[in-house]
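Q: One file is attached below, target_18.txt, containing compact mmCIF, C-alpha atoms.
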# COMPACT_ATOMS: atom_id res chain seq x y z
CA MET A 25 0.00 0.00 0.00
CA LYS A 26 1.49 3.30 -1.10
CA LEU A 27 0.79 6.38 1.00
CA ASP A 28 1.36 9.96 -0.04
CA PHE A 29 2.11 11.75 3.21
CA ALA A 30 1.48 15.48 3.25
CA PHE A 31 4.74 16.75 4.73
CA PHE A 32 6.42 20.11 5.11
CA THR A 33 9.48 21.50 6.86
CA ALA A 34 9.26 24.83 8.63
CA SER A 35 12.29 27.10 8.78
CA ALA A 36 10.85 28.67 11.91
CA ILE A 37 7.60 28.38 13.82
CA THR A 38 6.52 30.84 16.48
CA LEU A 39 3.46 29.91 18.49
CA ALA A 40 1.80 32.56 20.62
CA CYS A 41 0.26 30.60 23.48
CA ALA A 42 -2.90 31.54 25.34
CA ASP A 43 -0.90 32.91 28.28
CA GLY A 44 1.16 35.14 26.00
CA VAL A 45 4.27 32.95 25.99
CA ALA A 46 5.74 32.42 22.51
CA VAL A 47 7.39 29.12 21.72
CA ASN A 48 9.83 29.11 18.78
CA TYR A 49 10.83 25.96 16.92
CA SER A 50 13.55 26.65 14.36
CA ASN A 51 13.91 24.08 11.56
CA HIS A 52 11.30 21.83 13.19
CA PRO A 53 9.48 19.43 10.82
CA ALA A 54 5.86 20.36 10.50
CA GLY A 55 4.10 17.02 10.57
CA SER A 56 2.04 14.72 8.36
CA SER A 57 -1.55 13.59 8.02
CA ALA A 58 -2.60 11.55 11.03
CA HIS A 59 -5.45 10.02 9.02
CA ALA A 60 -2.99 8.75 6.39
CA GLY A 61 -0.77 7.52 9.19
CA LEU A 62 -3.53 5.50 10.83
CA GLN A 63 -4.48 4.06 7.45
CA SER A 64 -0.89 2.90 7.03
CA ASN A 65 -1.65 0.27 9.68
CA ALA A 66 -3.58 -1.49 6.89
CA SER A 67 -0.38 -2.21 4.95
CA HIS A 68 0.70 -4.92 7.40
CA PRO A 69 -0.19 -8.63 7.17
CA LEU A 70 -2.40 -8.54 10.28
CA HIS A 71 -4.57 -5.65 9.16
CA TYR A 72 -7.99 -7.28 9.49
CA SER A 73 -10.72 -5.28 11.20
CA ARG A 74 -12.95 -5.95 14.19
CA GLN A 75 -16.08 -3.95 13.36
CA LEU A 76 -18.38 -4.26 16.33
CA THR A 77 -20.94 -1.53 16.04
CA ASN A 78 -21.70 0.61 12.98
CA PRO A 79 -19.37 -0.44 10.15
CA GLY A 80 -19.04 1.39 6.85
CA ALA A 81 -17.52 4.61 5.58
CA GLN A 82 -20.76 6.55 5.12
CA GLU A 83 -21.61 9.27 7.61
CA SER A 84 -24.01 8.35 10.42
CA TYR A 85 -24.92 11.56 12.19
CA THR A 86 -26.22 11.63 15.74
CA CYS A 87 -27.16 14.20 18.35
CA GLN A 88 -26.50 11.79 21.22
CA SER A 89 -23.59 12.62 23.53
CA THR A 90 -21.49 9.72 24.79
CA PHE A 91 -18.95 9.23 27.57
CA VAL A 92 -16.89 6.03 27.43
CA ASP A 93 -14.94 4.98 30.55
CA PHE A 94 -12.41 2.26 29.75
CA SER A 95 -12.57 0.85 33.26
CA ASP A 96 -15.87 -0.63 31.98
CA PRO A 97 -15.02 -4.07 30.50
CA SER A 98 -17.51 -3.51 27.66
CA ALA A 99 -16.17 -0.08 26.65
CA LEU A 100 -14.21 -1.25 23.62
CA SER A 101 -17.41 -2.64 22.09
CA LYS A 102 -18.52 0.94 21.40
CA PHE A 103 -15.75 1.35 18.80
CA ASP A 104 -14.82 -0.18 15.48
CA VAL A 105 -11.20 -1.36 15.72
CA GLN A 106 -9.74 -1.09 12.25
CA TRP A 107 -6.30 -2.48 11.46
CA CYS A 108 -4.77 -4.94 13.89
CA PRO A 109 -7.46 -5.24 16.59
CA GLN A 110 -5.11 -7.43 18.65
CA ASN A 111 -3.16 -4.23 19.36
CA SER A 112 -6.14 -2.46 20.97
CA TYR A 113 -6.96 -4.05 24.33
CA GLN A 114 -8.33 -3.06 27.71
CA THR A 115 -6.07 -3.05 30.76
CA GLY A 116 -8.68 -2.67 33.49
CA SER A 117 -8.40 1.10 33.73
CA SER A 118 -7.68 2.10 30.12
CA VAL A 119 -7.53 0.93 26.53
CA ALA A 120 -3.97 0.38 25.31
CA TRP A 121 -2.79 0.96 21.74
CA ARG A 122 0.30 -1.08 20.93
CA LEU A 123 2.74 -0.65 18.03
CA THR A 124 4.65 -3.77 17.03
CA PRO A 125 6.75 -4.58 13.94
CA GLU A 126 3.62 -6.18 12.47
CA CYS A 127 1.32 -3.17 12.85
CA GLY A 128 -0.12 -0.37 14.92
CA THR A 129 -3.84 0.00 15.52
CA THR A 130 -6.76 2.31 14.71
CA MET A 131 -9.95 2.80 16.75
CA VAL A 132 -12.94 4.58 15.21
CA TYR A 133 -15.95 5.96 17.06
CA PRO A 134 -18.66 4.97 14.56
CA TRP A 135 -20.87 8.07 14.71
CA ASP A 136 -20.54 11.54 13.22
CA PHE A 137 -21.49 15.07 14.14
CA GLN A 138 -21.72 18.16 11.97
CA PHE A 139 -20.35 20.31 14.79
CA GLY A 140 -19.24 19.31 18.26
CA LYS A 141 -16.34 18.35 20.49
CA ILE A 142 -14.29 15.22 21.13
CA GLU A 143 -12.28 14.83 24.34
CA ALA A 144 -10.01 12.09 25.66
CA ARG A 145 -7.60 11.41 28.52
CA ILE A 146 -4.46 9.96 26.92
CA ARG A 147 -0.92 8.96 27.79
CA VAL A 148 1.07 9.10 24.56
CA ALA A 149 3.60 6.50 23.44
CA PRO A 150 7.34 7.28 23.70
CA GLY A 151 9.92 6.14 21.19
CA SER A 152 11.46 7.46 17.98
CA GLY A 153 9.21 6.81 14.99
CA VAL A 154 6.13 6.10 17.12
CA VAL A 155 3.16 8.41 16.45
CA THR A 156 0.11 8.72 18.70
CA THR A 157 -2.94 10.53 17.37
CA ILE A 158 -6.55 11.50 17.93
CA LEU A 159 -8.39 13.24 15.12
CA LEU A 160 -11.60 14.15 13.37
CA ALA A 161 -11.95 13.24 9.69
CA GLY A 162 -14.72 13.01 7.11
CA SER A 163 -15.16 10.86 4.03
CA ALA A 164 -12.48 10.91 1.32
CA PRO A 165 -11.13 13.25 0.20
CA SER A 166 -11.03 14.01 3.89
CA ASP A 167 -11.28 17.16 5.87
CA GLU A 168 -9.12 16.42 8.92
CA ILE A 169 -8.31 18.00 12.31
CA ASP A 170 -5.49 16.43 14.32
CA TRP A 171 -3.72 16.16 17.60
CA GLU A 172 -0.46 14.25 17.06
CA TRP A 173 2.54 13.33 19.20
CA VAL A 174 5.83 11.96 17.89
CA GLY A 175 7.51 9.65 20.37
CA LYS A 176 10.96 11.21 19.94
CA ASP A 177 9.59 14.44 21.50
CA THR A 178 6.74 13.76 23.92
CA TRP A 179 7.10 17.17 25.54
CA THR A 180 5.22 18.83 22.66
CA ALA A 181 1.87 18.19 21.00
CA GLN A 182 1.22 19.07 17.38
CA SER A 183 -2.03 20.50 16.00
CA MET A 184 -2.76 20.60 12.29
CA TYR A 185 -5.58 20.39 9.76
CA PHE A 186 -6.26 19.38 6.17
CA VAL A 187 -9.06 20.28 3.74
CA LYS A 188 -10.12 17.73 1.11
CA GLY A 189 -6.93 15.82 1.86
CA GLN A 190 -4.68 18.82 1.25
CA ARG A 191 -2.53 20.71 3.73
CA VAL A 192 -3.68 24.34 4.04
CA ASP A 193 -1.30 25.85 6.59
CA PRO A 194 2.34 24.93 5.85
CA ASN A 195 3.23 24.45 9.51
CA ALA A 196 1.94 22.35 12.36
CA GLN A 197 1.67 24.28 15.59
CA TYR A 198 3.53 22.93 18.62
CA VAL A 199 2.56 23.43 22.24
CA HIS A 200 3.55 22.25 25.70
CA THR A 201 1.25 21.36 28.57
CA PRO A 202 -0.19 24.39 30.38
CA GLY A 203 1.59 26.00 33.31
CA ASP A 204 5.07 27.26 34.01
CA VAL A 205 6.71 23.82 33.85
CA ALA A 206 6.19 21.64 30.78
CA GLN A 207 5.34 17.99 31.39
CA ASP A 208 6.31 14.85 29.48
CA MET A 209 3.05 13.73 27.86
CA ALA A 210 4.31 10.12 27.82
CA GLY A 211 4.90 10.27 31.57
CA GLY A 212 1.25 10.62 32.55
CA PHE A 213 -2.30 11.21 31.37
CA HIS A 214 -3.56 14.54 30.05
CA ASP A 215 -6.89 15.67 28.66
CA TYR A 216 -7.02 16.62 24.96
CA ALA A 217 -9.92 18.05 22.97
CA ILE A 218 -10.84 19.18 19.47
CA GLU A 219 -13.88 21.42 19.03
CA LEU A 220 -15.42 22.12 15.63
CA THR A 221 -18.10 24.79 15.26
CA GLN A 222 -19.52 26.67 12.30
CA ASP A 223 -17.10 29.52 12.97
CA SER A 224 -13.86 27.93 14.22
CA VAL A 225 -11.74 24.97 15.25
CA LYS A 226 -10.24 24.94 18.75
CA TRP A 227 -7.61 22.64 20.26
CA TYR A 228 -7.31 22.14 24.07
CA ILE A 229 -4.89 20.52 26.51
CA ASP A 230 -6.09 20.05 30.11
CA ASN A 231 -8.98 22.47 29.43
CA TRP A 232 -6.47 25.10 28.25
CA LEU A 233 -7.25 26.60 24.84
CA THR A 234 -4.00 26.24 22.90
CA ARG A 235 -5.06 27.23 19.38
CA THR A 236 -8.03 28.74 17.52
CA LEU A 237 -8.53 28.51 13.77
CA PRO A 238 -11.22 31.02 12.74
CA ARG A 239 -13.34 30.41 9.67
CA VAL A 240 -12.65 33.09 7.07
CA ASP A 241 -14.58 33.60 3.84
CA GLY A 242 -12.63 32.33 0.86
CA VAL A 243 -10.09 30.37 2.95
CA PRO A 244 -10.33 26.55 3.01
CA PHE A 245 -11.76 25.29 6.31
CA PRO A 246 -12.14 21.66 7.55
CA ALA A 247 -15.93 21.89 7.93
CA THR A 248 -16.71 18.23 7.25
CA ALA A 249 -14.30 16.60 9.73
CA SER A 250 -16.98 14.56 11.45
CA ARG A 251 -15.76 11.22 12.83
CA ALA A 252 -13.24 10.48 15.61
CA ARG A 253 -10.29 8.18 14.99
CA MET A 254 -7.38 7.41 17.30
CA GLY A 255 -4.44 5.06 17.73
CA VAL A 256 -0.73 4.60 17.07
CA TRP A 257 1.25 4.14 13.86
CA ASP A 258 4.79 3.76 12.54
CA GLY A 259 6.05 7.13 11.30
CA SER A 260 9.42 5.88 10.08
CA GLN A 261 8.60 6.77 6.44
CA THR A 262 7.80 10.45 7.06
CA SER A 263 11.16 11.90 5.95
CA GLY A 264 12.51 12.36 9.46
CA TRP A 265 9.49 14.09 11.00
CA ALA A 266 8.80 11.24 13.45
CA GLY A 267 12.21 9.56 13.41
CA SER A 268 12.74 5.84 12.85
CA VAL A 269 11.51 3.05 15.11
CA ASP A 270 14.10 0.96 16.95
CA TRP A 271 12.11 -2.24 17.42
CA SER A 272 14.57 -3.54 20.02
CA ASN A 273 13.01 -0.99 22.39
CA GLY A 274 9.42 -2.12 21.73
CA PRO A 275 6.64 -2.86 21.85
CA PHE A 276 5.44 0.74 22.21
CA THR A 277 2.18 1.56 23.98
CA ALA A 278 -0.14 4.53 24.41
CA GLU A 279 -3.26 4.48 26.61
CA MET A 280 -6.66 6.19 26.76
CA GLN A 281 -8.67 6.21 30.00
CA TRP A 282 -11.85 7.80 28.69
CA PHE A 283 -13.42 9.35 25.60
CA ARG A 284 -16.24 11.90 25.30
CA PHE A 285 -18.24 12.68 22.14
CA THR A 286 -20.48 15.78 22.28
CA PRO A 287 -22.51 16.81 19.22
CA TYR A 288 -23.75 20.40 19.03
CA CYS A 289 -27.30 19.92 17.77
In structure tokens, what does this structure look like?
A:
Amino acid sequence: MKLDFAFFTASAITLACADGVAVNYSNHPAGSSAHAGLQSNASHPLHYSRQLTNPGAQESYTCQSTFVDFSDPSALSKFDVQWCPQNSYQTGSSVAWRLTPECGTTMVYPWDFQFGKIEARIRVAPGSGVVTTILLAGSAPSDEIDWEWVGKDTWTAQSMYFVKGQRVDPNAQYVHTPGDVAQDMAGGFHDYAIELTQDSVKWYIDNWLTRTLPRVDGVPFPATASRARMGVWDGSQTSGWAGSVDWSNGPFTAEMQWFRFTPYC
């Protein structure tokens, strides 16, 4: 399976954070499509799906809010596990996503909203080449809104978006956890959210608004990013953005304790 990763390199990125602190990343790679990355899990021999609820690529819109606590043994049944379902498993207090040489894994919440918010409490996976993601995406060619973490730098989270499968802004934006002291996002759980409304996209960490993308007439906007996907994937083929996986240090694991889906109807 051949993937065309949307990929750019930024000569300099300056992010003005909500508390007025600017973070500068000189010559920092700007990221790739998380949706394409999760689909790359299908290229491995063990890529079969476990579709438990509402299979199919067509949109299925709902106005019903949902909170999924992965301490509930039945929680995973609320998701379709696409690509290597053996690498998505419950631990008793979370769902773990494991990346092995055979494959990563992709979980899909099988309902859509036109506008709304997704939230999750996640511990990201460490390790060069390992990518953890949660995103909203529509049907192909996809509008897409991402949170991504590369395991070689788990002190920063990356936000980005795509419209009809194309990168609009040339740079991902990078941000630390809120507060005066940055935290390693692989060292513990943090709350992450993506909110899509008619007028904007907003990204949050621990209830802290880290980025706002306003909708502007005549400028492409990811208005049809409607379905939540999440998991881990091997980013070794992204031209250095994620680094290369050293499998002798694996397997590599991220975890999610809970997930919330809130349509704005």
Q: Go ahead and compute the interatomic distance for CA of Val155 in chain A and CA of Gly267 in chain A, in Å to one decimal.
A: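 Going from CA of Val155 in chain A over to CA of Gly267 in chain A, I get 9.6 Å.
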Q: Restricting the calculation to all atoms listed in the file: of A:Ala99, A:Ile229, A:Val256, A:Ile169, which residue gets closest to Glu143 in chain A?
A: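 Among the listed residues, the smallest separation from Glu143 in chain A belongs to A:Ile229.
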Q: For CA of Asp170 in chain A and CA of Thr157 in chain A, determine how far apart the two atoms are, in Å to one decimal place.
A: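 Interatomic distance here is 7.1 Å.
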Q: In the coordinates of the file, take the point (-5.6, 0.9, 15.1) and a cut-off of 8 Å; then, counting all atoms listed in the file, name each qualifying protein, DNA or RNA residue as a list in words.
A: Leu62, Asn65, Val105, Gln106, Trp107, Cys108, Pro109, Asn111, Ser112, Trp121, Gly128, Thr129, Thr130, Met131, Met254, Gly255, Val256 and Trp257 of chain A
Q: How many Å separate CA of Thr178 in chain A from CA of Ala217 in chain A?
A: 17.2 Å
Q: Considering all atoms listed in the file, state which residue in the set A:Trp232, A:Phe276, A:Trp179, A:Tyr185 is at the smallest distance from Gly211 in chain A.
A: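 When distances to Gly211 in chain A are compared using all atoms listed in the file, the smallest one comes from A:Trp179.
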Q: Show me, as a list in words, the residues that have an atom within 6 Å of Lys188 in chain A when counting only C-alpha atoms, minus same-chain residues fewer than 6 positions from it.
A: Pro165, Ser166 and Asp167 of chain A
Q: Hey, which of A:Gln182, A:Asn231, A:Ser98, A:Gln82 ends up closest to Asp136 in chain A? Count all atoms listed in the file.
A: A:Gln82
Q: Measuring between all atoms listed in the file, which one of A:Glu219, A:Glu279, A:Asp104, A:Asp96 shows the shortest distance to Ala247 in chain A?
A: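 With all atoms listed in the file as the atom set, the closest residue is A:Glu219.
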Q: Would you kindly return, as a list in words, each protein, DNA or RNA residue with an atom no farther than 6 Å from any atom of Gly259 in chain A, considering only C-alpha atoms and excluding same-chain residues fewer than 2 positions away?
A: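 With the cut-off at 6 Å, the set is Gly153, Val154, Gln261, Thr262 and Ala266 of chain A.
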Q: Taking all atoms listed in the file into account, which of A:Ala120, A:Val187, A:Cys87, A:Val132 comes nearest Ser101 in chain A?
A: A:Val132
Q: From the list A:Tyr228, A:Tyr113, A:Phe186, A:Tyr133, which residue is nearest Val199 in chain A when using all atoms listed in the file?
A: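 Checking each candidate against Val199 in chain A, we get A:Tyr228 as the closest.
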Q: So that I can check the surroundings of Pro275 in chain A, please list as a list in words every protein, DNA and RNA residue that reaches within 9 Å of it, counting all atoms listed in the file and ignoring chain neighbours fewer than 5 positions away.
A: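 Skipping anything fewer than 5 positions along the chain leaves Arg122, Leu123, Thr124 and Pro125 of chain A.
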Q: So that I have them on file, write out the residues from the current selection with C-alpha atoms, as a PDB file, keeping the file's coordinate frame.
A:
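Now in result.pdb:
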ATOM      1  CA  ARG A 122       0.300  -1.080  20.930  1.00  0.00           C
ATOM      2  CA  LEU A 123       2.740  -0.650  18.030  1.00  0.00           C
ATOM      3  CA  THR A 124       4.650  -3.770  17.030  1.00  0.00           C
ATOM      4  CA  PRO A 125       6.750  -4.580  13.940  1.00  0.00           C
TER       5      PRO A 125
END
Q: If you count all atoms listed in the file, which residues fall within 10 Å of Asp93 in chain A, apart from same-chain ones fewer than 3 positions away, as a list of chain:residue names?
A: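 Close residues of Asp93 in chain A: A:Thr90, A:Asp96, A:Pro97, A:Ser98, A:Ala99, A:Leu100, A:Ser117, A:Ser118, A:Val119, A:Ala144, A:Arg145, A:Met280, A:Gln281, A:Trp282, A:Phe283, A:Arg284.
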